[in-house]
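**Q** The file below is entry.txt, compact mmCIF, C-alpha atoms:
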# COMPACT_ATOMS: atom_id res chain seq x y z
CA MET A 1 87.56 69.61 66.41
CA ILE A 2 85.79 72.96 66.51
CA ASN A 3 86.54 74.84 69.71
CA GLU A 4 85.69 78.22 71.26
CA GLU A 5 88.60 79.86 69.47
CA ASN A 6 87.40 78.53 66.10
CA ILE A 7 83.91 79.83 66.71
CA GLU A 8 85.25 83.31 67.43
CA GLN A 9 87.52 83.13 64.37
CA LEU A 10 84.69 82.00 62.08
CA SER A 11 82.47 84.73 63.40
CA GLN A 12 85.14 87.34 62.59
CA LEU A 13 85.74 85.90 59.12
CA ARG A 14 82.08 85.97 58.18
CA THR A 15 82.14 89.71 57.42
CA PRO A 16 85.01 89.73 54.86
CA LEU A 17 83.65 86.55 53.29
CA LEU A 18 80.26 88.15 52.91
CA GLN A 19 81.81 91.35 51.57
CA PHE A 20 83.64 89.32 48.93
CA ALA A 21 80.54 87.30 48.03
CA ARG A 22 78.51 90.48 47.61
CA LEU A 23 80.95 91.71 44.97
CA HIS A 24 80.01 88.76 42.79
CA LEU A 25 76.41 88.11 43.73
CA ALA A 26 74.06 91.05 43.50
CA ASP A 27 71.49 89.44 45.76
CA GLN A 28 72.27 89.81 49.48
CA ALA A 29 70.40 86.63 50.45
CA GLU A 30 72.23 84.62 47.81
CA ALA A 31 75.58 85.94 49.07
CA GLU A 32 74.64 85.07 52.65
CA ASP A 33 73.62 81.55 51.57
CA CYS A 34 76.97 81.11 49.86
CA VAL A 35 78.93 82.19 52.95
CA GLN A 36 76.71 80.04 55.15
CA GLU A 37 77.51 77.01 53.00
CA VAL A 38 81.23 77.75 53.29
CA LEU A 39 81.08 77.98 57.08
CA LEU A 40 78.94 74.85 57.29
CA ALA A 41 81.34 72.99 55.00
CA TYR A 42 84.18 73.79 57.36
CA TRP A 43 82.07 73.17 60.45
CA SER A 44 80.93 69.72 59.31
CA LYS A 45 84.39 68.52 58.24
CA PRO A 46 87.01 70.55 60.12
CA ALA A 47 89.60 67.79 59.66
CA GLN A 48 89.75 68.57 55.93
CA TYR A 49 91.51 71.81 56.82
CA GLN A 50 95.05 70.65 57.34
CA GLY A 51 96.48 74.00 58.36
CA LYS A 52 98.73 74.33 55.29
CA ALA A 53 97.30 77.79 54.60
CA ALA A 54 95.68 80.33 56.90
CA LEU A 55 92.07 79.48 57.72
CA LYS A 56 90.96 82.67 55.97
CA THR A 57 92.74 81.65 52.76
CA TYR A 58 91.19 78.19 53.00
CA LEU A 59 87.68 79.56 53.46
CA PHE A 60 88.11 82.08 50.63
CA ALA A 61 89.14 79.21 48.34
CA ILE A 62 85.94 77.31 49.21
CA LEU A 63 83.91 80.50 48.79
CA LYS A 64 85.42 81.06 45.34
CA HIS A 65 84.15 77.63 44.24
CA LYS A 66 80.70 78.30 45.71
CA ILE A 67 80.48 81.66 43.91
CA VAL A 68 81.57 80.11 40.61
CA ASP A 69 78.86 77.45 41.02
CA SER A 70 76.26 80.15 41.72
CA LEU A 71 77.34 82.25 38.74
CA ARG A 72 77.36 79.17 36.52
CA LEU A 73 73.81 78.28 37.54
CA LYS A 74 72.63 81.86 37.15
CA TYR A 75 74.29 82.90 33.91
CA LYS A 76 75.36 79.78 32.01
CA ASN A 77 74.26 80.38 28.40
CA LYS A 78 72.14 83.34 29.53
CA ILE A 79 74.54 86.13 28.64
CA GLN A 80 73.42 86.99 25.14
CA SER A 81 75.27 89.13 22.67
CA GLU A 82 73.09 92.19 23.23
CA ASP A 83 74.08 92.31 26.90
CA GLY A 84 77.69 92.75 26.02
CA ILE A 85 77.52 95.24 23.18
CA CYS A 86 79.02 98.41 24.35
CA THR A 87 76.71 101.08 23.04
CA ASP A 88 76.92 103.19 26.23
CA PHE A 89 80.41 104.32 25.32
CA ASP A 90 79.80 105.17 21.68
CA ILE A 91 79.32 108.78 22.78
CA TRP A 92 83.04 108.89 23.60
CA PHE A 93 83.87 108.77 19.91
CA GLN A 94 83.13 110.72 16.75
CA GLU A 95 81.87 109.01 13.60
CA ASP A 96 85.44 108.65 12.32
CA GLY A 97 86.39 106.61 15.41
CA ASN A 98 88.44 109.36 17.07
CA TRP A 99 87.76 110.73 20.52
CA VAL A 100 85.19 113.45 21.07
CA PRO A 101 87.53 116.06 22.66
CA GLN A 102 85.37 116.70 25.74
CA GLU A 103 85.00 112.97 26.44
CA GLN A 104 88.71 112.36 26.94
CA MET A 105 89.72 111.00 30.31
CA TYR A 106 91.16 112.81 33.28
CA SER A 107 94.75 111.93 34.03
CA TRP A 108 94.80 109.83 37.15
CA SER A 109 97.47 110.19 39.79
CA GLU A 110 99.80 107.41 40.88
CA PRO A 111 98.12 104.84 43.11
CA ASP A 112 100.23 104.88 46.26
CA ALA A 113 98.97 108.10 47.80
CA ASP A 114 95.35 107.31 46.98
CA LEU A 115 95.50 103.74 48.15
CA GLN A 116 96.40 104.80 51.65
CA THR A 117 92.81 105.75 52.20
CA GLN A 118 89.91 103.48 52.96
CA GLN A 119 87.67 106.00 51.20
CA PHE A 120 89.31 105.15 47.92
CA PHE A 121 88.54 101.46 48.39
CA GLN A 122 84.96 102.38 49.23
CA VAL A 123 84.70 104.20 45.90
CA ILE A 124 86.09 101.15 44.08
CA ASP A 125 83.57 99.01 45.95
CA HIS A 126 80.75 101.33 44.90
CA CYS A 127 81.90 101.29 41.26
CA ILE A 128 82.10 97.48 41.14
CA LYS A 129 78.67 97.09 42.71
CA ASN A 130 77.20 99.49 40.14
CA LEU A 131 78.40 97.57 37.10
CA PRO A 132 75.60 96.03 35.03
CA GLN A 133 74.91 92.62 36.57
CA LYS A 134 76.06 90.29 33.80
CA THR A 135 79.05 92.46 32.97
CA ALA A 136 79.94 92.43 36.66
CA ALA A 137 79.87 88.63 36.70
CA VAL A 138 82.56 88.47 33.99
CA PHE A 139 84.61 91.31 35.51
CA SER A 140 84.61 89.90 39.03
CA MET A 141 85.54 86.40 37.87
CA LYS A 142 88.51 87.79 35.99
CA GLU A 143 89.70 90.59 38.27
CA LEU A 144 88.67 89.46 41.74
CA MET A 145 88.69 85.69 41.49
CA GLU A 146 91.61 85.71 39.02
CA LEU A 147 90.13 83.05 36.73
CA GLU A 148 91.54 82.66 33.22
CA SER A 149 89.47 84.02 30.35
CA ASP A 150 88.96 80.56 28.80
CA GLU A 151 87.72 79.23 32.12
CA ILE A 152 85.25 82.11 32.45
CA CYS A 153 83.95 81.52 28.92
CA GLN A 154 83.47 77.85 29.73
CA ILE A 155 81.73 78.47 33.08
CA LEU A 156 79.37 81.09 31.69
CA GLY A 157 78.93 79.53 28.26
CA VAL A 158 80.00 82.68 26.40
CA SER A 159 82.18 83.14 23.32
CA LYS A 160 85.58 84.82 23.58
CA ASP A 161 84.24 87.78 21.57
CA LEU A 162 81.44 88.29 24.06
CA TYR A 163 83.86 87.91 26.96
CA TRP A 164 85.99 90.74 25.52
CA GLN A 165 82.95 92.93 25.04
CA CYS A 166 81.92 92.40 28.66
CA MET A 167 85.42 93.06 29.98
CA SER A 168 85.76 96.19 27.87
CA ARG A 169 82.42 97.48 29.03
CA ALA A 170 83.30 96.77 32.67
CA ARG A 171 86.70 98.44 32.56
CA LYS A 172 85.35 101.50 30.73
CA SER A 173 82.55 101.74 33.29
CA MET A 174 85.08 101.46 36.11
CA GLN A 175 87.27 104.15 34.55
CA THR A 176 84.29 106.46 34.13
CA CYS A 177 83.07 105.82 37.67
CA LEU A 178 86.48 106.41 39.30
CA SER A 179 87.07 109.51 37.18
CA LEU A 180 83.74 110.95 38.27
CA ARG A 181 83.77 109.89 41.91
CA TRP A 182 87.41 110.27 42.82
CA PHE A 183 89.83 111.79 40.36
CA ASN A 184 87.79 114.71 39.11
CA GLN A 185 88.06 116.14 42.61
CA GLU A 186 91.79 116.48 42.16
CA VAL A 187 92.69 116.92 38.52
CA GLN A 188 91.70 119.56 36.04
CA ARG A 189 90.63 118.20 32.66
CA GLU A 190 93.38 118.84 30.16
CA VAL A 191 92.55 120.61 26.92
CA TYR A 192 93.90 119.22 23.65
CA VAL B 193 93.56 101.12 14.28
CA LYS B 194 91.29 104.00 15.31
CA CYS B 195 90.86 105.33 18.83
CA ILE B 196 87.60 103.42 19.29
CA ASP B 197 89.33 100.17 18.31
CA PHE B 198 92.35 100.81 20.49
CA VAL B 199 90.16 101.52 23.53
CA PHE B 200 88.30 98.25 22.92
CA TYR B 201 91.49 96.20 22.54
CA GLN B 202 93.06 97.77 25.62
CA SER B 203 90.06 97.60 27.94
CA SER B 204 89.10 94.07 26.94
CA GLY B 205 92.58 92.75 27.74
CA GLN B 206 93.35 91.60 24.19
CA LEU B 207 96.68 93.41 24.09
CA THR B 208 98.03 91.22 26.88
CA ASP B 209 96.36 88.02 25.67
CA ARG B 210 98.98 85.55 24.38
CA ASP B 211 96.53 84.10 21.87
CA ARG B 212 95.84 87.38 20.05
CA PRO B 213 97.75 87.99 16.79
CA LEU B 214 101.02 89.87 17.04
CA GLY B 215 99.96 92.08 14.12
CA LEU B 216 97.00 93.41 16.08
CA LYS B 217 99.22 94.23 19.04
CA GLN B 218 101.74 95.98 16.79
CA ARG B 219 99.06 98.10 15.10
CA ALA B 220 97.68 99.03 18.52
CA MET B 221 101.17 99.94 19.74
CA PHE B 222 101.81 102.20 16.73
CA HIS B 223 98.47 103.90 17.31
CA VAL B 224 99.12 104.64 20.95
CA TRP B 225 102.52 106.11 20.13
CA THR B 226 100.83 108.75 18.03
CA CYS B 227 97.66 109.39 20.04
CA ARG B 228 97.88 111.29 23.28
CA ALA B 229 94.28 110.65 24.34
CA CYS B 230 94.68 106.91 23.93
CA ARG B 231 97.96 107.00 25.86
CA LYS B 232 96.06 108.62 28.69
CA PHE B 233 93.30 106.00 28.48
CA LYS B 234 95.90 103.24 28.45
CA ARG B 235 97.69 104.65 31.49
CA ASN B 236 94.41 104.96 33.42
CA ASP B 237 93.44 101.42 32.41
CA GLU B 238 96.76 100.10 33.69
CA LEU B 239 96.32 102.04 36.94
CA LEU B 240 92.82 100.60 37.22
CA GLY B 241 94.40 97.15 37.14
CA GLN B 242 96.70 98.11 40.01
CA PHE B 243 93.85 99.62 42.03
CA VAL B 244 91.70 96.52 41.62
CA GLN B 245 94.63 94.31 42.58
CA ARG B 246 95.21 96.30 45.80
CA TYR B 247 91.48 96.28 46.48
CA ARG B 248 91.38 92.48 46.03
CA GLU B 249 94.35 92.07 48.37
CA GLN B 250 92.86 94.23 51.12
CA ILE B 251 89.61 92.23 51.07
CA LYS B 252 91.45 88.96 51.48
CA ALA B 253 94.04 90.33 53.94
As structure tokens, please, write out the structure in this file.

**A**
Amino acid sequence: MINEENIEQLSQLRTPLLQFARLHLADQAEAEDCVQEVLLAYWSKPAQYQGKAALKTYLFAILKHKIVDSLRLKYKNKIQSEDGICTDFDIWFQEDGNWVPQEQMYSWSEPDADLQTQQFFQVIDHCIKNLPQKTAAVFSMKELMELESDEICQILGVSKDLYWQCMSRARKSMQTCLSLRWFNQEVQREVY
Amino acid sequence: VKCIDFVFYQSSGQLTDRDRPLGLKQRAMFHVWTCRACRKFKRNDELLGQFVQRYREQIKA
């Protein structure tokens, strides 16, 4: 049975659920619909939650399925090869395939000190939300929902080659974004 | 393996994919031993993985 305590708990959980959904679904309304469906699913059949895991974990598991369904509907067989080809980063390299010296990365510091700050997580959040939409779908399924690459390819209807291109593009974008928005404040670029 | 290839293999996750050929992983490993810029990219990419993991955990915490 749903009681007063549950209502309060669900109300508190709505925000992190929505935050998580927004990382995968660019459209705010779509993310809200997804979270709404999760809460309604629990609300309509509370007995299905047997208390084996924390309620939050249980709701996140349902949300993960809802997001996967949304991404499947939205992108299945719609991620074409040209979306994944990583031309943006060609400027990093010379014609012979070696680095352009001024494009080499900053050295990042160890994570512990940085991760103590909420600001750092806000920068990560910003970087994820600024990934190209289809690339972000692949990245978030792999890195945030922890799905296997074969599963992602099957859900989105993409080849393994295209999956790798999307992941590469996403991780290079993330590295560029974090270098620009966080680490370049602290570290001088090294000269080779 | 050139730098552009190594960066692609590393950032796409192929170097930790069990299904990728051992020869490709070996060639990538030899390249990174001799290329300082790619070592730096690799280290940042590995740190990125740790950052994203911590980020994921704090959302679900």

**Q** Rank nothing, just name the residue among A:Ile152, A:Ile7, A:Leu63, A:Val68 nearest to A:Trp43, using all atoms listed in the file.

**A**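 Selected residue with least distance to A:Trp43: A:Ile7.
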
**Q** Tell me the residues of chain A close to chain B, meaning within 9 Å using all atoms listed in the file, as a PyMOL selection string.

**A** chain A and resi 16-17+19-20+56-57+60+90+92-94+96-99+101+104-111+115+121+124-125+143-145+163-172+174-175+178+192

**Q** At what distance in Å, to one decimal, does atom CA of A:Leu71 lie from atom CA of A:Gln28?

**A**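 Taking atom CA of A:Gln28 and atom CA of A:Leu71, their separation equals 14.1 Å.
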
**Q** Quick one, how far is atom CA of A:Leu10 from atom CA of A:Lys142?

**A** 27.0 Å

**Q** With all atoms listed in the file as the counted atoms, please give the residues lying no more than 10 Å from A:Arg181, apart from itself and same-chain residues fewer than 2 positions off, as an MDAnalysis selection string.

**A** chainID A and resid 120 123:124 126:127 175:179 183:185

**Q** Rounded to one decimal place, report the atom CA of B:Thr208-atom CA of A:His24 distance in Å.

**A**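 Computing it gives 24.2 Å between the two atoms.
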
**Q** Using only C-alpha atoms, determine which residues lie at most 12 Å from A:Val35, disregarding the query and same-chain residues fewer than 6 positions distant; provide the list as an MDAnalysis selection string.

**A** chainID A and resid 10:11 13:22 25 28:29 41:42 59:67 70
